[in-house]
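**Q** One file: final.txt (compact mmCIF, C-alpha atoms and all ligand atoms).
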# COMPACT_ATOMS: atom_id res chain seq x y z
CA MET A 1 9.89 74.36 3.12
CA ASN A 2 7.55 76.82 1.44
CA HIS A 3 7.99 80.45 2.38
CA LEU A 4 6.08 81.68 5.42
CA ILE A 5 2.86 83.38 4.44
CA TYR A 6 2.01 84.22 8.06
CA GLU A 7 4.21 84.79 11.10
CA ILE A 8 2.16 85.25 14.27
CA ASP A 9 4.65 86.76 16.69
CA GLN A 10 3.75 86.95 20.42
CA VAL A 11 0.29 88.26 19.65
CA SER A 12 -2.07 89.29 22.46
CA HIS A 13 -5.39 91.04 22.40
CA GLU A 14 -7.29 92.59 25.28
CA TYR A 15 -10.86 93.83 24.83
CA LYS A 16 -12.14 96.49 27.16
CA GLY A 17 -15.27 94.95 28.68
CA LYS A 18 -18.37 97.07 29.28
CA GLY A 19 -21.31 96.80 31.71
CA ARG A 20 -21.35 93.50 33.55
CA THR A 21 -18.11 92.38 31.86
CA LYS A 22 -16.34 95.57 32.89
CA GLY A 23 -12.58 95.19 33.04
CA LYS A 24 -10.23 93.68 30.51
CA VAL A 25 -10.86 90.45 28.59
CA LYS A 26 -7.62 88.82 27.46
CA ALA A 27 -8.92 87.14 24.30
CA ASN A 28 -5.46 86.21 22.93
CA ASP A 29 -2.46 85.67 25.16
CA ASN A 30 1.05 85.70 23.67
CA ILE A 31 0.36 83.47 20.66
CA SER A 32 3.22 82.61 18.28
CA PHE A 33 3.25 80.30 15.24
CA ASP A 34 4.01 80.35 11.51
CA ILE A 35 1.99 79.23 8.50
CA PRO A 36 3.93 78.10 5.40
CA ALA A 37 2.34 78.92 2.03
CA GLY A 38 0.25 76.05 0.69
CA GLU A 39 -0.78 74.66 4.07
CA ILE A 40 -4.30 73.83 5.25
CA LEU A 41 -4.31 74.79 8.93
CA GLY A 42 -7.25 74.00 11.22
CA VAL A 43 -7.83 76.28 14.21
CA LEU A 44 -9.75 74.42 16.90
CA GLY A 45 -11.06 75.53 20.26
CA PRO A 46 -14.28 75.79 22.27
CA ASN A 47 -16.66 78.78 22.24
CA GLY A 48 -14.94 81.90 23.50
CA ALA A 49 -11.44 80.39 23.10
CA GLY A 50 -10.13 83.36 21.11
CA LYS A 51 -10.21 81.95 17.56
CA SER A 52 -12.19 84.75 15.88
CA THR A 53 -10.10 87.38 17.66
CA LEU A 54 -6.95 85.80 16.25
CA ILE A 55 -8.43 85.60 12.74
CA LYS A 56 -9.53 89.25 12.86
CA GLN A 57 -5.94 90.15 13.71
CA MET A 58 -4.70 88.00 10.84
CA VAL A 59 -6.88 89.82 8.30
CA GLY A 60 -6.01 93.25 9.70
CA LEU A 61 -9.49 93.98 11.12
CA LEU A 62 -8.18 94.15 14.68
CA LYS A 63 -4.84 95.48 15.88
CA PRO A 64 -3.01 93.30 18.43
CA THR A 65 -2.56 95.02 21.79
CA ALA A 66 0.88 93.39 21.86
CA GLY A 67 2.97 91.50 19.31
CA GLU A 68 2.78 91.51 15.55
CA VAL A 69 1.13 89.62 12.70
CA ARG A 70 3.41 89.50 9.65
CA PHE A 71 1.79 88.66 6.32
CA ASP A 72 4.27 87.74 3.59
CA GLY A 73 7.12 89.09 5.73
CA MET A 74 5.62 92.47 6.61
CA ASN A 75 3.46 93.76 9.47
CA ILE A 76 -0.14 93.35 8.31
CA ALA A 77 -1.05 96.76 9.79
CA GLN A 78 1.24 98.35 7.18
CA GLN A 79 -0.37 96.59 4.22
CA THR A 80 -4.08 96.23 5.00
CA LYS A 81 -5.13 97.08 1.42
CA ARG A 82 -2.72 94.57 -0.12
CA ALA A 83 -3.78 91.92 2.40
CA ALA A 84 -7.46 92.59 1.62
CA THR A 85 -6.89 91.73 -2.05
CA LEU A 86 -4.81 88.60 -1.29
CA VAL A 87 -6.64 87.18 1.74
CA ALA A 88 -10.24 86.07 1.20
CA TYR A 89 -12.06 85.91 4.52
CA TYR A 90 -15.48 84.50 5.24
CA ALA A 91 -16.89 85.49 8.63
CA GLN A 92 -19.71 83.48 10.16
CA GLU A 93 -22.32 86.07 9.09
CA PRO A 94 -21.61 88.13 5.97
CA HIS A 95 -23.92 91.01 7.06
CA ALA A 96 -22.39 93.58 4.73
CA ILE A 97 -23.61 91.88 1.56
CA SER A 98 -27.03 90.65 2.71
CA ALA A 99 -28.90 93.45 0.83
CA LEU A 100 -27.35 92.41 -2.52
CA LYS A 101 -28.62 89.97 -5.09
CA VAL A 102 -26.82 86.62 -5.08
CA HIS A 103 -24.85 87.15 -8.31
CA GLU A 104 -23.98 90.74 -7.26
CA ALA A 105 -22.65 89.56 -3.90
CA LEU A 106 -20.31 87.21 -5.73
CA SER A 107 -19.22 89.38 -8.66
CA PHE A 108 -18.83 92.59 -6.58
CA THR A 109 -16.59 90.71 -4.14
CA GLY A 110 -14.54 89.47 -7.10
CA ARG A 111 -14.20 93.01 -8.45
CA LEU A 112 -13.11 94.30 -5.02
CA ARG A 113 -10.28 91.78 -5.29
CA GLY A 114 -9.26 93.27 -8.63
CA VAL A 115 -10.94 90.80 -11.01
CA PRO A 116 -12.17 92.54 -14.24
CA LYS A 117 -15.98 92.84 -14.51
CA ALA A 118 -16.59 90.24 -17.24
CA GLU A 119 -14.30 87.69 -15.55
CA ALA A 120 -15.93 88.31 -12.13
CA GLU A 121 -19.35 87.66 -13.69
CA ARG A 122 -18.07 84.52 -15.40
CA GLN A 123 -16.66 83.20 -12.11
CA ALA A 124 -19.89 84.09 -10.27
CA ASN A 125 -21.94 82.09 -12.78
CA GLU A 126 -19.48 79.20 -12.62
CA LEU A 127 -19.73 79.06 -8.81
CA LEU A 128 -23.56 79.22 -8.91
CA GLU A 129 -23.51 76.33 -11.36
CA GLN A 130 -21.12 74.31 -9.14
CA PHE A 131 -23.40 74.98 -6.17
CA GLU A 132 -26.49 74.09 -8.26
CA MET A 133 -27.88 77.50 -7.27
CA GLY A 134 -28.30 79.04 -10.73
CA SER A 135 -32.01 79.66 -10.11
CA PHE A 136 -31.18 81.87 -7.08
CA ARG A 137 -29.05 84.24 -9.16
CA ASP A 138 -31.40 87.24 -8.91
CA LYS A 139 -32.69 86.64 -5.37
CA LEU A 140 -31.66 88.93 -2.54
CA LEU A 141 -29.17 87.24 -0.24
CA LYS A 142 -31.36 87.97 2.79
CA GLN A 143 -34.18 85.93 1.17
CA LEU A 144 -32.09 82.74 1.17
CA SER A 145 -32.13 79.98 3.79
CA GLY A 146 -29.29 79.79 6.33
CA GLY A 147 -27.48 77.06 4.40
CA GLN A 148 -27.96 78.77 1.03
CA LYS A 149 -26.61 82.04 2.46
CA ARG A 150 -23.62 80.18 3.77
CA MET A 151 -22.92 78.65 0.35
CA ILE A 152 -22.89 82.13 -1.19
CA GLY A 153 -20.66 83.34 1.66
CA ILE A 154 -18.24 80.54 0.77
CA GLY A 155 -18.56 81.59 -2.88
CA THR A 156 -17.39 85.08 -1.89
CA VAL A 157 -14.20 83.51 -0.52
CA LEU A 158 -13.63 81.38 -3.61
CA ILE A 159 -14.27 84.09 -6.20
CA GLY A 160 -11.10 85.73 -7.50
CA HIS A 161 -8.90 82.71 -6.65
CA SER A 162 -7.14 84.45 -3.74
CA PRO A 163 -3.86 82.85 -2.62
CA VAL A 164 -5.06 82.78 1.04
CA LEU A 165 -8.52 81.58 2.10
CA ILE A 166 -9.78 81.98 5.67
CA LEU A 167 -13.06 80.28 6.53
CA ASP A 168 -14.85 80.51 9.87
CA GLU A 169 -17.10 77.47 10.43
CA PRO A 170 -17.62 76.95 6.68
CA THR A 171 -19.85 73.89 6.88
CA ASN A 172 -22.19 74.95 9.71
CA GLU A 173 -25.83 74.58 8.63
CA LEU A 174 -24.89 72.76 5.41
CA ASP A 175 -26.48 69.48 4.37
CA PRO A 176 -24.18 66.47 3.73
CA ARG A 177 -24.06 67.05 -0.05
CA ASN A 178 -23.04 70.69 0.28
CA ARG A 179 -20.54 69.83 3.01
CA ARG A 180 -18.83 67.40 0.67
CA LEU A 181 -18.91 69.96 -2.15
CA VAL A 182 -17.34 72.64 0.06
CA TRP A 183 -14.55 70.34 1.33
CA ASP A 184 -13.87 69.21 -2.26
CA LEU A 185 -13.61 72.82 -3.45
CA ILE A 186 -11.33 73.75 -0.53
CA ASN A 187 -9.06 70.79 -1.32
CA GLN A 188 -9.05 71.68 -5.01
CA ARG A 189 -8.05 75.30 -4.29
CA ASN A 190 -5.31 74.03 -1.99
CA ARG A 191 -3.98 71.72 -4.73
CA GLU A 192 -3.86 74.79 -6.99
CA GLY A 193 -1.60 76.46 -4.38
CA ALA A 194 -3.92 78.33 -1.98
CA THR A 195 -3.12 78.48 1.73
CA VAL A 196 -6.25 77.66 3.73
CA ILE A 197 -7.03 78.54 7.34
CA LEU A 198 -10.12 76.87 8.74
CA VAL A 199 -11.74 77.78 12.04
CA THR A 200 -14.04 74.98 13.11
CA HIS A 201 -15.65 73.05 15.93
CA ASN A 202 -16.27 70.18 13.60
CA VAL A 203 -13.21 68.16 14.50
CA LEU A 204 -14.28 65.01 12.70
CA GLU A 205 -14.74 66.78 9.37
CA ALA A 206 -11.63 68.93 9.77
CA GLU A 207 -9.51 65.81 10.29
CA GLN A 208 -10.12 64.79 6.68
CA VAL A 209 -8.64 67.97 5.19
CA VAL A 210 -6.16 69.75 7.48
CA HIS A 211 -2.36 69.36 7.34
CA ARG A 212 -1.82 70.83 10.82
CA VAL A 213 -4.04 71.83 13.70
CA ALA A 214 -3.66 74.71 16.16
CA VAL A 215 -5.58 74.13 19.39
CA ILE A 216 -6.56 77.29 21.24
CA ASN A 217 -8.26 77.79 24.58
CA HIS A 218 -8.44 80.67 27.06
CA GLY A 219 -6.61 82.79 24.47
CA LYS A 220 -3.54 80.54 24.54
CA LEU A 221 -2.07 78.29 21.87
CA LEU A 222 -2.09 74.87 23.55
CA ALA A 223 -0.68 72.82 20.67
CA ILE A 224 0.16 73.04 16.99
CA ASP A 225 1.17 70.01 14.95
CA SER A 226 0.06 67.49 12.35
CA VAL A 227 -2.97 65.40 13.24
CA ALA A 228 -0.77 62.27 13.30
CA LYS A 229 1.74 63.78 15.75
CA LEU A 230 -0.99 65.13 18.01
CA LYS A 231 -2.62 61.72 18.07
CA GLN A 232 0.60 60.22 19.45
CA GLN A 233 0.13 62.37 22.55
CA VAL A 234 -3.24 60.82 23.29
CA ASP A 235 -3.58 57.72 25.47
CA PRO A 236 -1.32 55.13 23.76
CA ARG A 237 -3.49 52.19 24.85
CA LEU A 238 -5.41 50.26 22.19
CA LYS A 239 -9.13 50.86 22.19
CA PHE A 240 -11.30 47.81 21.65
CA GLU A 241 -14.96 48.59 21.21
CA LEU A 242 -17.16 45.63 22.14
CA LEU A 243 -20.85 45.18 21.46
CA THR A 244 -22.39 42.71 23.91
CA SER A 245 -25.84 41.15 24.24
CA ILE A 246 -28.27 43.20 26.34
CA GLY A 247 -27.81 42.42 30.04
CA LYS A 248 -24.37 40.85 29.51
CA ARG A 249 -22.22 43.97 29.74
CA ASP A 250 -21.18 43.58 33.40
CA GLU A 251 -20.31 39.92 32.85
CA MET A 252 -18.13 40.88 29.86
CA GLU A 253 -16.45 43.62 31.85
CA ALA A 254 -15.54 41.16 34.60
CA ILE A 255 -14.20 38.52 32.18
CA LEU A 256 -12.02 41.03 30.32
CA ALA A 257 -10.84 42.99 33.39
CA ARG A 258 -7.40 41.36 33.28
CA PHE A 259 -6.74 42.90 29.83
CA GLY A 260 -7.27 46.52 30.84
CA THR A 261 -9.71 49.19 31.92
CA ALA A 262 -13.24 49.10 30.54
CA LEU A 263 -15.26 52.24 29.95
CA VAL A 264 -19.02 51.93 29.62
CA LEU A 265 -20.23 53.53 26.36
CA ALA A 266 -23.83 52.29 26.44
CA GLU A 267 -26.02 49.59 27.95
CA ASN A 268 -24.51 47.00 25.60
CA ARG A 269 -21.27 48.69 24.58
CA LEU A 270 -17.85 48.74 26.25
CA LEU A 271 -14.56 50.40 25.38
CA LEU A 272 -11.65 48.34 26.63
CA LEU A 273 -8.34 50.22 26.97
CA ALA A 274 -5.62 47.60 26.64
CA ASP A 275 -1.84 47.72 26.59
CA LYS A 276 -0.58 47.26 23.01
CA ARG A 277 1.57 44.31 24.15
CA ASP A 278 -1.58 42.44 25.24
CA ALA A 279 -3.44 43.06 21.97
CA SER A 280 -2.76 39.74 20.29
CA GLU A 281 -3.54 37.77 23.48
CA LEU A 282 -6.81 39.67 23.82
CA LEU A 283 -7.74 39.02 20.18
CA ASP A 284 -6.89 35.33 20.63
CA PHE A 285 -9.03 35.21 23.75
CA ILE A 286 -12.05 36.79 22.02
CA THR A 287 -11.79 34.72 18.85
CA THR A 288 -11.20 31.37 20.59
CA HIS A 289 -14.11 31.76 23.04
CA PRO A 290 -17.20 31.90 20.80
CA GLU A 291 -19.38 31.40 23.88
CA LEU A 292 -18.54 34.96 25.01
CA PRO A 293 -21.56 37.26 24.59
CA ILE A 294 -19.71 39.50 22.12
CA LEU A 295 -21.76 40.43 19.05
CA GLU A 296 -19.16 42.67 17.41
CA TYR A 297 -15.69 43.98 18.18
CA SER A 298 -13.46 46.55 16.53
CA ILE A 299 -10.25 48.44 17.22
CA LYS A 300 -10.87 52.17 17.27
CA PRO A 301 -8.12 54.53 16.08
CA SER A 302 -7.61 57.82 17.95
CA SER A 303 -9.48 60.65 16.29
CA LEU A 304 -8.82 64.36 16.22
CA GLU A 305 -11.74 64.63 18.62
CA ASP A 306 -9.81 62.53 21.19
CA VAL A 307 -6.80 64.80 20.65
CA TYR A 308 -8.90 67.87 21.20
CA PHE A 309 -10.34 66.65 24.50
CA HIS A 310 -6.99 65.32 25.65
CA ILE A 311 -5.20 68.61 25.05
CA ASP A 312 -8.02 70.66 26.46
CA ASN A 313 -8.21 68.59 29.64
CA ALA A 314 -4.55 67.96 30.27
CA ALA A 315 -2.76 71.05 29.09
CA GLN A 316 -4.76 74.18 29.74
CA SER A 317 -1.81 75.84 31.36
CA GLU A 318 0.96 73.96 29.58
CA VAL A 319 1.98 74.54 25.96
CA ILE A 320 2.48 71.34 23.98
CA GLY A 321 4.46 70.99 20.76
CA VAL A 322 5.21 74.70 20.27
N1 LIG B 401 -15.87 92.94 21.02
C1 LIG B 401 -15.59 92.32 22.16
N2 LIG B 401 -15.58 93.00 23.33
C2 LIG B 401 -15.28 92.36 24.50
N3 LIG B 401 -14.98 91.06 24.60
C3 LIG B 401 -14.99 90.32 23.47
C4 LIG B 401 -15.30 90.91 22.20
N4 LIG B 401 -15.23 89.94 21.26
C5 LIG B 401 -14.90 88.80 21.90
N5 LIG B 401 -14.76 89.03 23.23
C6 LIG B 401 -14.37 88.04 24.26
O1 LIG B 401 -13.09 87.53 23.91
C7 LIG B 401 -13.02 86.12 24.14
C8 LIG B 401 -12.66 85.41 22.84
O2 LIG B 401 -13.72 85.59 21.91
P1 LIG B 401 -13.65 85.05 20.40
O3 LIG B 401 -14.84 85.57 19.68
O4 LIG B 401 -12.31 85.35 19.84
O5 LIG B 401 -13.78 83.48 20.65
P2 LIG B 401 -14.05 82.27 19.60
O6 LIG B 401 -13.04 81.23 19.93
O7 LIG B 401 -14.07 82.78 18.22
O8 LIG B 401 -15.49 81.78 20.05
P3 LIG B 401 -16.70 81.08 19.19
O9 LIG B 401 -16.25 79.69 18.86
O10 LIG B 401 -17.82 81.08 20.18
O11 LIG B 401 -16.97 81.93 17.98
C9 LIG B 401 -14.37 85.74 24.73
O12 LIG B 401 -14.24 85.72 26.13
C10 LIG B 401 -15.30 86.82 24.28
O13 LIG B 401 -16.34 87.02 25.21
Starting from the file, give its structure as structure tokens.

**A**
Amino acid sequence: MNHLIYEIDQVSHEYKGKGRTKGKVKANDNISFDIPAGEILGVLGPNGAGKSTLIKQMVGLLKPTAGEVRFDGMNIAQQTKRAATLVAYYAQEPHAISALKVHEALSFTGRLRGVPKAEAERQANELLEQFEMGSFRDKLLKQLSGGQKRMIGIGTVLIGHSPVLILDEPTNELDPRNRRLVWDLINQRNREGATVILVTHNVLEAEQVVHRVAVINHGKLLAIDSVAKLKQQVDPRLKFELLTSIGKRDEMEAILARFGTALVLAENRLLLLADKRDASELLDFITTHPELPILEYSIKPSSLEDVYFHIDNAAQSEVIGV
């Protein structure tokens, strides 16, 4: 196994609430896990789950109220400068650079990471070319659209080829072409050896790229494992999606009741949850009865989205797979 780039060791964080939220907010609660170098880890969880708090502790912006974050074997609090040059972090809103011109935002960030001036400018131009944003080079960042700003924010993570990339909701606000471009670049950097930590709500997109997923809610780590292993924890029944003629759904549901439980997805759409042992009998039944009002049928694999809802519903107080 690759060496551990991060060791998150019993980390908690309590904010002191003010005004109406007076009292303590336990944003992270005794979280422990490791990240081997070269991994793409997805961090999933609903709004307010504690993801950003954890990330801020991992980049040394916030000190845990208990526990320790070790980066490359050493407490991150004792090496914040070193970590800042090795860990490229993109927060949801890069306020600090919004008064800069686009190429300055990129090249200055590169120089802060120790890249010589000429090389930082070369990389900035290369990124603008890859993003097809060369014509925005001399615009102020605050004059760009939300999606364009986000692309430059992602550029600030990519410039300097840091060994660790942390991206918070990287593809929010991006159109499909830019989304694909960003995922391709993230994958390419990972192939070149970068460790990538992705905070996202976009479970369906994340599934395509991550090696492992950490699911967080109410400040607790609920699960951490590969997508495939997490999927095994979801309902093991086969999911047949059936498209019926309008008005025939109830009739279909009654005919197929003996094969399992049917969930109504839409006026003309059913999801039949069937035991795997009955799958071939069910398929035989559907294919040998052409008079059935079934227009289309397919077997749906479990997705990371199913995993996410399963873990969130079933295990809020229980820790799975840790
Ligand atoms: N500066 C702060 N002061 C007090 N409470 C805070 C502060 N920042 C976050 N919190 C609280 O801590 C909890 C975790 O917040 P955090 O921002 O880590 O969640 P998140 O998972 O990143 O959410 P989102 O997906 O909405 O960005 C929430 O209850 C939030 O209200």

**Q** Nearest residue to Ser12 of chain A out of A:Arg258, A:Leu165, A:Leu158, A:Gly50, using only C-alpha atoms?

**A**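 For Ser12 of chain A, the nearest of the given residues is A:Gly50.
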
**Q** Using atom CA of Ile8 of chain A and atom CA of Ile35 of chain A as the two end points, give the distance in Å to one decimal.

**A**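 Between atom CA of Ile8 of chain A and atom CA of Ile35 of chain A the gap works out to 8.3 Å.
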
**Q** Which is closest to ligand LIG 401 (chain B) among A:Thr200, A:Gln143, A:Gln123, A:Thr261, if we use only C-alpha atoms and all ligand atoms?

**A**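 The closest residue to ligand LIG 401 (chain B) is A:Thr200.
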
**Q** Can you work out which one of A:Arg70, A:Lys139, A:Arg191, A:His103 has the shortest atom-to-atom distance to Ile159 of chain A, counting all atoms listed in the file?

**A**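 Counting all atoms listed in the file, the residue closest to Ile159 of chain A is A:His103.
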
**Q** Quick one: contact table of chain A to ligand LIG 401 (chain B), 9 Å max, nearest atom pair and distance in Å to one decimal per residue, counting only C-alpha atoms and all ligand atoms, chain and number order, as a tab-separated table?

**A**
residue	atom	partner	partner_atom	distance
A:His13	CA	B:LIG401	O1	8.6
A:Glu14	CA	B:LIG401	O1	7.8
A:Tyr15	CA	B:LIG401	C2	4.7
A:Lys16	CA	B:LIG401	C2	5.8
A:Gly17	CA	B:LIG401	C2	4.9
A:Lys18	CA	B:LIG401	C2	7.4
A:Thr21	CA	B:LIG401	C2	7.9
A:Lys24	CA	B:LIG401	C2	8.0
A:Val25	CA	B:LIG401	N3	5.8
A:Lys26	CA	B:LIG401	O1	6.6
A:Ala27	CA	B:LIG401	O1	4.2
A:Asn28	CA	B:LIG401	C8	7.2
A:Leu44	CA	B:LIG401	O6	8.1
A:Gly45	CA	B:LIG401	O6	6.0
A:Pro46	CA	B:LIG401	O9	5.5
A:Asn47	CA	B:LIG401	O10	3.3
A:Gly48	CA	B:LIG401	O5	3.5
A:Ala49	CA	B:LIG401	O6	3.6
A:Gly50	CA	B:LIG401	O4	3.2
A:Lys51	CA	B:LIG401	O6	3.8
A:Ser52	CA	B:LIG401	O7	3.6
A:Thr53	CA	B:LIG401	O4	3.7
A:Leu54	CA	B:LIG401	O4	6.5
A:Ile55	CA	B:LIG401	O4	8.1
A:Lys56	CA	B:LIG401	O4	8.5
A:Gln92	CA	B:LIG401	O11	8.4
A:Asp168	CA	B:LIG401	O11	8.5
A:Glu169	CA	B:LIG401	O9	8.8
A:Val199	CA	B:LIG401	O7	8.3
A:Thr200	CA	B:LIG401	O9	7.8
A:His201	CA	B:LIG401	O9	7.3
A:Ile216	CA	B:LIG401	O6	7.7
A:Asn217	CA	B:LIG401	O6	7.5
A:His218	CA	B:LIG401	C8	7.6
A:Gly219	CA	B:LIG401	C8	6.8

**Q** Give the answer as one residue: which of A:Ala83, A:Ile154, A:Leu256, A:Leu273 has the shortest atom-to-atom distance to Glu241 of chain A, using only C-alpha atoms?

**A** A:Leu273

**Q** I'd like the interatomic distance between atom CA of Lys300 of chain A and atom CA of Leu271 of chain A, to a tenth of an Å.

**A** 9.1 Å

**Q** Atom CA of Lys81 of chain A to atom CA of Ser162 of chain A: how many Å, to one decimal?

**A**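 Atom CA of Ser162 of chain A lies at a distance of 13.8 Å from atom CA of Lys81 of chain A.
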
**Q** Using only C-alpha atoms, pick whichever of A:Met252, A:Leu304, A:Ile299, A:Leu265 has the shortest atom-to-atom distance to Ala228 of chain A.

**A**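 Among the listed residues, A:Leu304 lies closest to Ala228 of chain A.
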
**Q** Given only C-alpha atoms as the basis, pick out the residue of A:Ala223, A:Tyr6, A:Lys101, A:Ile311 nearest to Val59 of chain A.

**A**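 Of the candidates, the smallest distance to Val59 of chain A is held by A:Tyr6.
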
**Q** Assuming the input is short of atoms at segment 4-30 of chain A, produce N, CA and C atoms for that part as a short mmCIF file (atom, residue, chain, number, x, y, z; two decimals), in the coordinates of the input.

**A**
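part_4.cif was written with the following content:
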data_model
loop_
_atom_site.label_atom_id
_atom_site.label_comp_id
_atom_site.auth_asym_id
_atom_site.auth_seq_id
_atom_site.Cartn_x
_atom_site.Cartn_y
_atom_site.Cartn_z
N LEU A 4 7.10 81.48 4.39
CA LEU A 4 6.08 81.68 5.42
C LEU A 4 5.10 82.76 4.98
N ILE A 5 3.84 82.40 4.84
CA ILE A 5 2.86 83.38 4.44
C ILE A 5 2.40 84.20 5.67
N TYR A 6 2.36 83.53 6.82
CA TYR A 6 2.01 84.22 8.06
C TYR A 6 3.05 83.94 9.14
N GLU A 7 3.41 84.97 9.88
CA GLU A 7 4.21 84.79 11.10
C GLU A 7 3.44 85.51 12.22
N ILE A 8 2.92 84.71 13.14
CA ILE A 8 2.16 85.25 14.27
C ILE A 8 3.18 85.34 15.40
N ASP A 9 3.51 86.56 15.81
CA ASP A 9 4.65 86.76 16.69
C ASP A 9 4.21 87.38 18.03
N GLN A 10 4.09 86.53 19.05
CA GLN A 10 3.75 86.95 20.42
C GLN A 10 2.53 87.88 20.45
N VAL A 11 1.48 87.42 19.79
CA VAL A 11 0.29 88.26 19.65
C VAL A 11 -0.65 88.12 20.85
N SER A 12 -1.06 89.25 21.39
CA SER A 12 -2.07 89.29 22.46
C SER A 12 -3.15 90.26 22.06
N HIS A 13 -4.35 90.03 22.58
CA HIS A 13 -5.39 91.04 22.40
C HIS A 13 -6.26 91.13 23.64
N GLU A 14 -6.41 92.35 24.12
CA GLU A 14 -7.29 92.59 25.28
C GLU A 14 -8.45 93.46 24.83
N TYR A 15 -9.69 92.98 25.08
CA TYR A 15 -10.86 93.83 24.83
C TYR A 15 -11.15 94.57 26.13
N LYS A 16 -11.67 95.78 25.97
CA LYS A 16 -12.14 96.49 27.16
C LYS A 16 -13.59 96.10 27.36
N GLY A 17 -13.89 95.36 28.42
CA GLY A 17 -15.27 94.95 28.68
C GLY A 17 -16.12 96.12 29.13
N LYS A 18 -17.44 96.02 28.84
CA LYS A 18 -18.37 97.07 29.28
C LYS A 18 -19.44 96.44 30.16
N GLY A 19 -20.18 97.27 30.90
CA GLY A 19 -21.31 96.80 31.71
C GLY A 19 -20.87 95.71 32.66
N ARG A 20 -21.62 94.57 32.60
CA ARG A 20 -21.35 93.50 33.55
C ARG A 20 -19.97 92.88 33.36
N THR A 21 -19.44 92.97 32.12
CA THR A 21 -18.11 92.38 31.86
C THR A 21 -17.01 93.43 31.98
N LYS A 22 -17.30 94.48 32.74
CA LYS A 22 -16.34 95.57 32.89
C LYS A 22 -14.96 95.04 33.29
N GLY A 23 -13.94 95.68 32.80
CA GLY A 23 -12.58 95.19 33.04
C GLY A 23 -12.04 94.70 31.72
N LYS A 24 -10.85 94.10 31.77
CA LYS A 24 -10.23 93.68 30.51
C LYS A 24 -10.45 92.19 30.25
N VAL A 25 -10.73 91.86 28.98
CA VAL A 25 -10.86 90.45 28.59
C VAL A 25 -9.65 90.12 27.74
N LYS A 26 -8.80 89.19 28.24
CA LYS A 26 -7.62 88.82 27.46
C LYS A 26 -8.03 87.71 26.49
N ALA A 27 -8.38 88.10 25.27
CA ALA A 27 -8.92 87.14 24.30
C ALA A 27 -7.81 86.33 23.63
N ASN A 28 -6.64 86.93 23.44
CA ASN A 28 -5.46 86.21 22.93
C ASN A 28 -4.29 86.53 23.86
N ASP A 29 -3.49 85.50 24.15
CA ASP A 29 -2.46 85.67 25.16
C ASP A 29 -1.11 85.14 24.63
N ASN A 30 -0.31 86.03 24.07
CA ASN A 30 1.05 85.70 23.67
C ASN A 30 1.13 84.49 22.72
#
